[in-house]
>>> print(open('target.txt').read())   # compact mmCIF, C-alpha atoms
# COMPACT_ATOMS: atom_id res chain seq x y z
CA MET U 5 87.69 85.34 111.79
CA THR U 6 85.86 81.99 111.74
CA ASP U 7 87.39 78.80 110.35
CA ASN U 8 84.94 78.87 107.43
CA GLU U 9 85.60 82.48 106.45
CA PRO U 10 87.65 83.09 103.27
CA GLY U 11 91.24 83.98 104.05
CA THR U 12 91.39 82.03 107.31
CA PRO U 13 95.03 81.03 107.92
CA TYR U 14 96.13 77.42 108.23
CA PRO U 15 98.13 76.88 111.44
CA VAL U 16 101.26 75.27 110.01
CA THR U 17 104.25 75.95 112.26
CA GLY U 18 106.92 78.07 110.58
CA VAL U 19 104.70 79.13 107.65
CA PRO U 20 102.74 82.25 108.61
CA ASN U 21 100.20 83.70 106.19
CA LEU U 22 99.40 80.26 104.72
CA ARG U 23 95.92 80.66 103.27
CA ASP U 24 93.47 78.94 100.96
CA LEU U 25 92.34 81.18 98.09
CA GLY U 26 88.97 79.44 98.04
CA GLY U 27 85.67 80.61 99.46
CA TRP U 28 85.46 84.02 97.80
CA GLN U 29 82.17 84.73 96.04
CA VAL U 30 81.88 85.02 92.26
CA PRO U 31 78.80 86.44 90.43
CA ASP U 32 75.88 84.19 89.50
CA HIS U 33 75.83 82.26 92.78
CA ARG U 34 79.30 80.81 92.40
CA GLU U 35 82.42 80.73 94.55
CA VAL U 36 86.11 79.90 94.30
CA LEU U 37 86.66 76.28 95.26
CA ARG U 38 88.43 75.59 98.53
CA GLY U 39 91.41 73.30 98.84
CA LYS U 40 92.72 73.91 95.30
CA VAL U 41 95.17 76.82 95.48
CA PHE U 42 97.08 78.09 98.52
CA ARG U 43 99.42 81.03 99.16
CA SER U 44 102.14 81.35 101.79
CA THR U 45 105.52 82.62 102.90
CA GLU U 46 108.70 80.68 102.11
CA LEU U 47 108.77 77.10 103.39
CA HIS U 48 112.31 76.65 104.71
CA ARG U 49 111.23 76.77 108.37
CA LEU U 50 109.08 73.65 108.11
CA ASP U 51 110.20 71.17 110.77
CA ALA U 52 109.24 67.49 111.06
CA ASP U 53 105.97 68.19 112.90
CA ALA U 54 105.07 70.99 110.50
CA HIS U 55 105.67 68.64 107.57
CA MET U 56 102.81 66.51 108.84
CA GLU U 57 100.55 69.56 109.15
CA PHE U 58 101.54 70.67 105.66
CA ASP U 59 101.02 67.20 104.18
CA ARG U 60 97.39 67.24 105.27
CA LEU U 61 96.69 70.01 102.74
CA GLY U 62 97.42 67.56 99.93
CA ILE U 63 99.56 70.02 97.97
CA ARG U 64 101.23 68.47 94.94
CA THR U 65 102.87 71.47 93.22
CA VAL U 66 104.77 74.38 94.82
CA TYR U 67 105.56 77.47 92.74
CA ASP U 68 108.51 79.40 94.20
CA LEU U 69 108.46 83.03 93.03
CA ARG U 70 111.75 84.06 94.69
CA THR U 71 115.08 85.12 93.21
CA LEU U 72 118.09 82.82 93.02
CA ALA U 73 119.73 84.63 95.95
CA GLU U 74 116.66 84.16 98.13
CA ARG U 75 116.34 80.49 97.24
CA THR U 76 120.03 79.91 97.93
CA ALA U 77 119.89 81.61 101.33
CA SER U 78 116.66 79.92 102.43
CA PRO U 79 115.94 76.88 100.25
CA ASP U 80 112.57 75.18 100.47
CA PRO U 81 112.84 71.69 101.95
CA HIS U 82 112.48 68.66 99.76
CA LEU U 83 108.87 67.57 100.17
CA THR U 84 108.07 64.03 99.12
CA GLY U 85 105.52 63.79 96.34
CA ILE U 86 105.57 67.52 95.61
CA THR U 87 106.85 69.07 92.39
CA GLU U 88 108.65 72.40 92.84
CA VAL U 89 108.53 74.95 90.03
CA VAL U 90 110.91 77.94 90.19
CA LEU U 91 109.55 81.20 88.70
CA ASP U 92 111.76 84.24 89.39
CA VAL U 93 109.37 87.19 89.24
CA LEU U 94 112.01 89.80 90.14
CA ALA U 95 114.87 88.52 87.98
CA ASP U 96 114.82 91.91 86.20
CA ALA U 97 114.70 93.82 89.51
CA ALA U 98 116.87 91.79 91.88
CA THR U 99 117.65 94.87 94.01
CA ALA U 100 113.97 95.48 94.83
CA ILE U 101 113.19 95.50 98.55
CA PRO U 102 111.03 92.33 98.61
CA ALA U 103 113.97 90.36 97.23
CA ASN U 104 116.40 91.72 99.86
CA LEU U 105 114.57 91.53 103.17
CA ALA U 106 117.47 89.67 104.78
CA MET U 107 119.36 92.95 105.07
CA LEU U 108 116.80 94.15 107.63
CA ALA U 109 118.18 91.63 110.14
CA ASP U 110 121.81 92.72 109.61
CA PRO U 111 122.85 95.15 112.39
CA SER U 112 125.69 96.53 110.27
CA ALA U 113 123.17 97.59 107.61
CA ILE U 114 120.98 99.66 109.96
CA PRO U 115 122.38 103.09 108.93
CA ALA U 116 122.06 102.31 105.21
CA VAL U 117 118.59 100.81 105.63
CA SER U 118 117.43 103.77 107.68
CA ALA U 119 118.69 106.21 105.05
CA ALA U 120 117.05 104.23 102.25
CA LEU U 121 113.66 103.85 103.94
CA GLY U 122 113.26 107.15 105.81
CA GLY U 123 111.28 110.19 104.75
CA GLY U 124 108.55 108.19 103.02
CA ARG U 125 111.01 106.49 100.71
CA ALA U 126 110.00 103.00 101.86
CA SER U 127 106.46 103.33 100.49
CA ALA U 128 107.77 104.91 97.29
CA LEU U 129 110.19 102.01 96.74
CA MET U 130 107.45 99.48 97.38
CA THR U 131 105.13 101.28 94.96
CA GLU U 132 107.76 101.08 92.23
CA THR U 133 108.24 97.39 92.98
CA TYR U 134 104.54 96.77 92.38
CA ARG U 135 104.81 98.36 88.95
CA GLN U 136 107.69 96.00 88.19
CA ILE U 137 105.75 93.02 89.48
CA VAL U 138 102.99 93.75 86.99
CA SER U 139 104.85 94.69 83.84
CA SER U 140 108.57 93.76 83.89
CA PRO U 141 109.54 91.03 81.39
CA SER U 142 110.66 88.59 84.09
CA ALA U 143 107.42 89.08 86.01
CA LEU U 144 105.27 88.57 82.93
CA ALA U 145 107.17 85.39 82.03
CA ALA U 146 106.91 84.05 85.58
CA TYR U 147 103.20 84.76 85.99
CA ARG U 148 102.46 83.31 82.58
CA SER U 149 104.05 80.03 83.66
CA LEU U 150 102.25 80.18 87.01
CA PHE U 151 98.78 80.63 85.57
CA GLU U 152 99.35 78.13 82.77
CA GLY U 153 100.45 75.68 85.45
CA LEU U 154 97.45 76.34 87.67
CA ALA U 155 95.11 76.02 84.68
CA GLY U 156 96.49 72.63 83.69
CA ASP U 157 97.51 71.17 87.03
CA HIS U 158 95.39 68.07 87.56
CA LYS U 159 97.77 66.37 90.00
CA GLY U 160 96.17 68.03 92.99
CA PRO U 161 96.24 71.27 94.99
CA SER U 162 98.94 73.88 94.35
CA LEU U 163 100.70 76.51 96.44
CA PHE U 164 102.63 79.60 95.37
CA HIS U 165 104.92 81.63 97.60
CA CYS U 166 107.71 84.19 97.70
CA THR U 167 109.66 85.18 100.84
CA THR U 168 107.02 86.87 102.99
CA GLY U 169 104.04 85.84 100.86
CA LYS U 170 102.70 89.35 100.37
CA ASP U 171 104.04 91.20 97.29
CA ARG U 172 104.87 88.78 94.47
CA THR U 173 102.46 86.33 96.06
CA GLY U 174 99.96 89.13 96.72
CA TRP U 175 99.81 90.08 93.04
CA ALA U 176 99.55 86.44 91.98
CA ALA U 177 96.55 86.02 94.29
CA ALA U 178 94.97 89.30 93.19
CA ALA U 179 95.36 88.52 89.49
CA LEU U 180 94.02 84.99 89.93
CA LEU U 181 90.99 86.10 91.93
CA SER U 182 90.38 88.86 89.37
CA ILE U 183 90.35 86.52 86.39
CA LEU U 184 88.01 84.20 88.32
CA GLY U 185 85.54 87.06 88.76
CA VAL U 186 85.93 87.89 92.47
CA ASP U 187 84.84 91.42 93.36
CA ARG U 188 87.67 93.93 93.67
CA SER U 189 86.65 94.83 97.24
CA ASP U 190 87.08 91.20 98.31
CA ILE U 191 90.45 91.07 96.58
CA TYR U 192 91.63 94.05 98.60
CA HIS U 193 90.29 92.42 101.73
CA ASP U 194 92.22 89.21 101.04
CA TYR U 195 95.37 91.20 100.29
CA LEU U 196 95.20 93.24 103.49
CA LEU U 197 94.76 90.15 105.68
CA THR U 198 98.56 89.90 105.50
CA ASN U 199 98.81 92.71 108.03
CA ASP U 200 96.88 90.61 110.56
CA GLN U 201 98.54 87.29 109.82
CA LEU U 202 102.13 88.05 108.83
CA VAL U 203 103.25 91.22 110.61
CA PRO U 204 102.89 89.69 114.13
CA ALA U 205 105.08 86.77 113.04
CA LEU U 206 107.76 89.22 111.91
CA ARG U 207 107.89 91.00 115.28
CA PRO U 208 111.43 89.65 116.00
CA ILE U 209 112.74 91.57 112.96
CA PHE U 210 111.20 94.80 114.27
CA ASP U 211 112.68 94.12 117.72
CA GLN U 212 116.16 93.33 116.33
CA PHE U 213 116.08 96.49 114.23
CA ALA U 214 115.17 98.59 117.28
CA ALA U 215 117.80 96.89 119.46
CA ALA U 216 120.45 97.82 116.88
CA GLY U 217 119.42 101.48 117.02
CA GLY U 218 116.99 101.64 114.12
CA ASP U 219 113.46 103.04 114.09
CA PRO U 220 111.16 99.99 113.74
CA ASP U 221 108.39 102.16 112.30
CA LEU U 222 110.49 102.47 109.14
CA LEU U 223 109.99 98.74 108.52
CA LEU U 224 106.20 98.63 108.54
CA PRO U 225 105.76 99.82 104.92
CA VAL U 226 108.21 97.08 103.87
CA LEU U 227 107.12 94.17 106.05
CA GLY U 228 103.40 94.93 105.87
CA VAL U 229 101.11 95.80 102.97
CA GLU U 230 99.21 98.95 102.09
CA ARG U 231 96.10 99.23 99.98
CA SER U 232 97.92 101.78 97.83
CA TYR U 233 100.44 99.13 96.73
CA LEU U 234 97.76 96.93 95.20
CA GLU U 235 96.02 99.99 93.78
CA THR U 236 99.30 100.79 92.02
CA ALA U 237 99.45 97.27 90.61
CA PHE U 238 95.91 97.46 89.25
CA SER U 239 96.57 100.92 87.80
CA GLU U 240 99.73 99.67 86.10
CA MET U 241 97.78 96.72 84.70
CA GLU U 242 94.99 98.95 83.38
CA GLU U 243 97.36 101.50 81.85
CA ALA U 244 99.45 98.85 80.12
CA PHE U 245 96.85 96.23 79.22
CA GLY U 246 93.36 97.69 79.76
CA ASP U 247 91.89 95.15 82.17
CA ILE U 248 92.53 91.72 83.65
CA GLU U 249 91.57 90.00 80.40
CA GLY U 250 94.04 92.21 78.54
CA TYR U 251 96.72 91.46 81.12
CA PHE U 252 96.34 87.75 80.48
CA ARG U 253 96.02 88.08 76.72
CA GLN U 254 98.52 90.86 75.92
CA GLY U 255 100.78 90.95 78.97
CA LEU U 256 101.14 87.26 79.72
CA GLY U 257 100.62 86.25 76.12
CA VAL U 258 98.16 83.44 76.81
CA ASP U 259 95.05 82.72 74.79
CA ASP U 260 91.54 82.56 76.22
CA SER U 261 91.88 78.86 76.99
CA VAL U 262 93.91 79.66 80.13
CA PRO U 263 91.31 81.87 81.88
CA THR U 264 88.62 79.45 80.74
CA ALA U 265 90.49 76.49 82.24
CA LEU U 266 91.17 78.39 85.48
CA ARG U 267 87.47 79.13 85.89
CA ALA U 268 86.48 75.57 85.05
CA ARG U 269 88.93 74.15 87.59
CA LEU U 270 88.58 76.68 90.40
CA VAL U 271 84.99 78.00 90.39
CA ARG U 272 81.83 76.14 91.37
CA THR U 273 78.13 76.92 91.59
CA THR U 274 76.92 77.30 95.18
>>> encode(input="target.txt", output="structure tokens")
Amino acid sequence: MTDNEPGTPYPVTGVPNLRDLGGWQVPDHREVLRGKVFRSTELHRLDADAHMEFDRLGIRTVYDLRTLAERTASPDPHLTGITEVVLDVLADAATAIPANLAMLADPSAIPAVSAALGGGRASALMTETYRQIVSSPSALAAYRSLFEGLAGDHKGPSLFHCTTGKDRTGWAAAALLSILGVDRSDIYHDYLLTNDQLVPALRPIFDQFAAAGGDPDLLLPVLGVERSYLETAFSEMEEAFGDIEGYFRQGLGVDDSVPTALRARLVRTT
């Protein structure tokens, strides 16, 4: 992957899967602007040197999509000049796997985790989570606030994140790129880049799980992403709301000014 290719990660220490959502092509010789909206994992591992790397991105608003428990366990650092907005996507589904990844590093939980994730149950649980991410009341309220914020944020670049930056963050990125007009195949490509950029950084969790007697292969459906997860999200959106315009209008309850403002702010003619 070249530095100019869409989806290229930014090398900020402690924040794997930090990516610019710009660069993707939009019909009529247009593309999503670079340097406007970023996605990432949680930020609590930023050290002093990484702060300097992060500051160079010019981010002025951070949207934290995690639950209260996640934020309490691993709070984002206070970043000077940056406004933090808390939007709890999974407030209605706080027991969902993406909101409870800390248990994977607990040796005493290995038997329970193995029983919960074995026999294909991990992928099934993740699939159900993606339905909740699209249509649960807390998710709809959170994403409404996110997209309204991105549409009206003139202070500078923004970043949104959850814990691993792949599920709640993955749907936020997919929905945003969809409303901007990016082709669905490129959206899947952006989504699946997580497997290249995040999973290697999570190798210590796989190793700890194996050292405690667990089968690390059970974790891959949880710590990585599968195309079928995003397919489920799009299917849920289409069944409930018809298309991406219906998702914004009926699901999120915003009028057409929000998609219009997002396109005006984030798309340019090439």
>>> closest_residue(input="target.txt", among="U:Ala98, U:Leu25, U:Ala268, U:Ala205", to="Gly174 of chain U", atoms="all atoms listed in the file")
U:Leu25
>>> closest_residue(input="target.txt", among="U:Arg188, U:Pro31, U:Ala155, U:Thr12", to="Asp260 of chain U", atoms="all atoms listed in the file")
U:Ala155
>>> residues_around(input="target.txt", residues="His55 of chain U", least_positions_apart="2", cutoff="10 Å", atoms="only C-alpha atoms", output="number ranges by chain")
U: 16-18, 47, 49-53, 57-60, 81, 83-84
>>> atom_distance(input="target.txt", atom1="atom CA of Arg135 of chain U", atom2="atom CA of Asp96 of chain U")
12.2 Å
>>> closest_residue(input="target.txt", among="U:Val271, U:Ile86, U:Leu224, U:Ala179", to="Ile63 of chain U", atoms="only C-alpha atoms")
U:Ile86
>>> atom_distance(input="target.txt", atom1="atom CA of Ala73 of chain U", atom2="atom CA of Leu94 of chain U")
11.0 Å
>>> closest_residue(input="target.txt", among="U:Gly156, U:Pro15, U:Gly169, U:Pro141", to="Arg70 of chain U", atoms="all atoms listed in the file")
U:Gly169
>>> closest_residue(input="target.txt", among="U:Met130, U:Val30, U:Val117, U:Leu184", to="Ser232 of chain U", atoms="only C-alpha atoms")
U:Met130
>>> residues_around(input="target.txt", residues="Gln29 of chain U", least_positions_apart="3", cutoff="10 Å", atoms="all atoms listed in the file", output="number ranges by chain")
U: 10, 26, 32-37, 181, 184-187, 190, 271-274
>>> atom_distance(input="target.txt", atom1="atom CA of Thr236 of chain U", atom2="atom CA of Tyr147 of chain U")
17.6 Å
>>> closest_residue(input="target.txt", among="U:Val93, U:Ala116, U:Leu270, U:Leu22", to="Ile183 of chain U", atoms="all atoms listed in the file")
U:Leu270
>>> residues_around(input="target.txt", residues="Ala109 of chain U", least_positions_apart="3", cutoff="7 Å", atoms="only C-alpha atoms", output="list of chain:residue names")
U:Ala106, U:Ile209, U:Gln212, U:Phe213
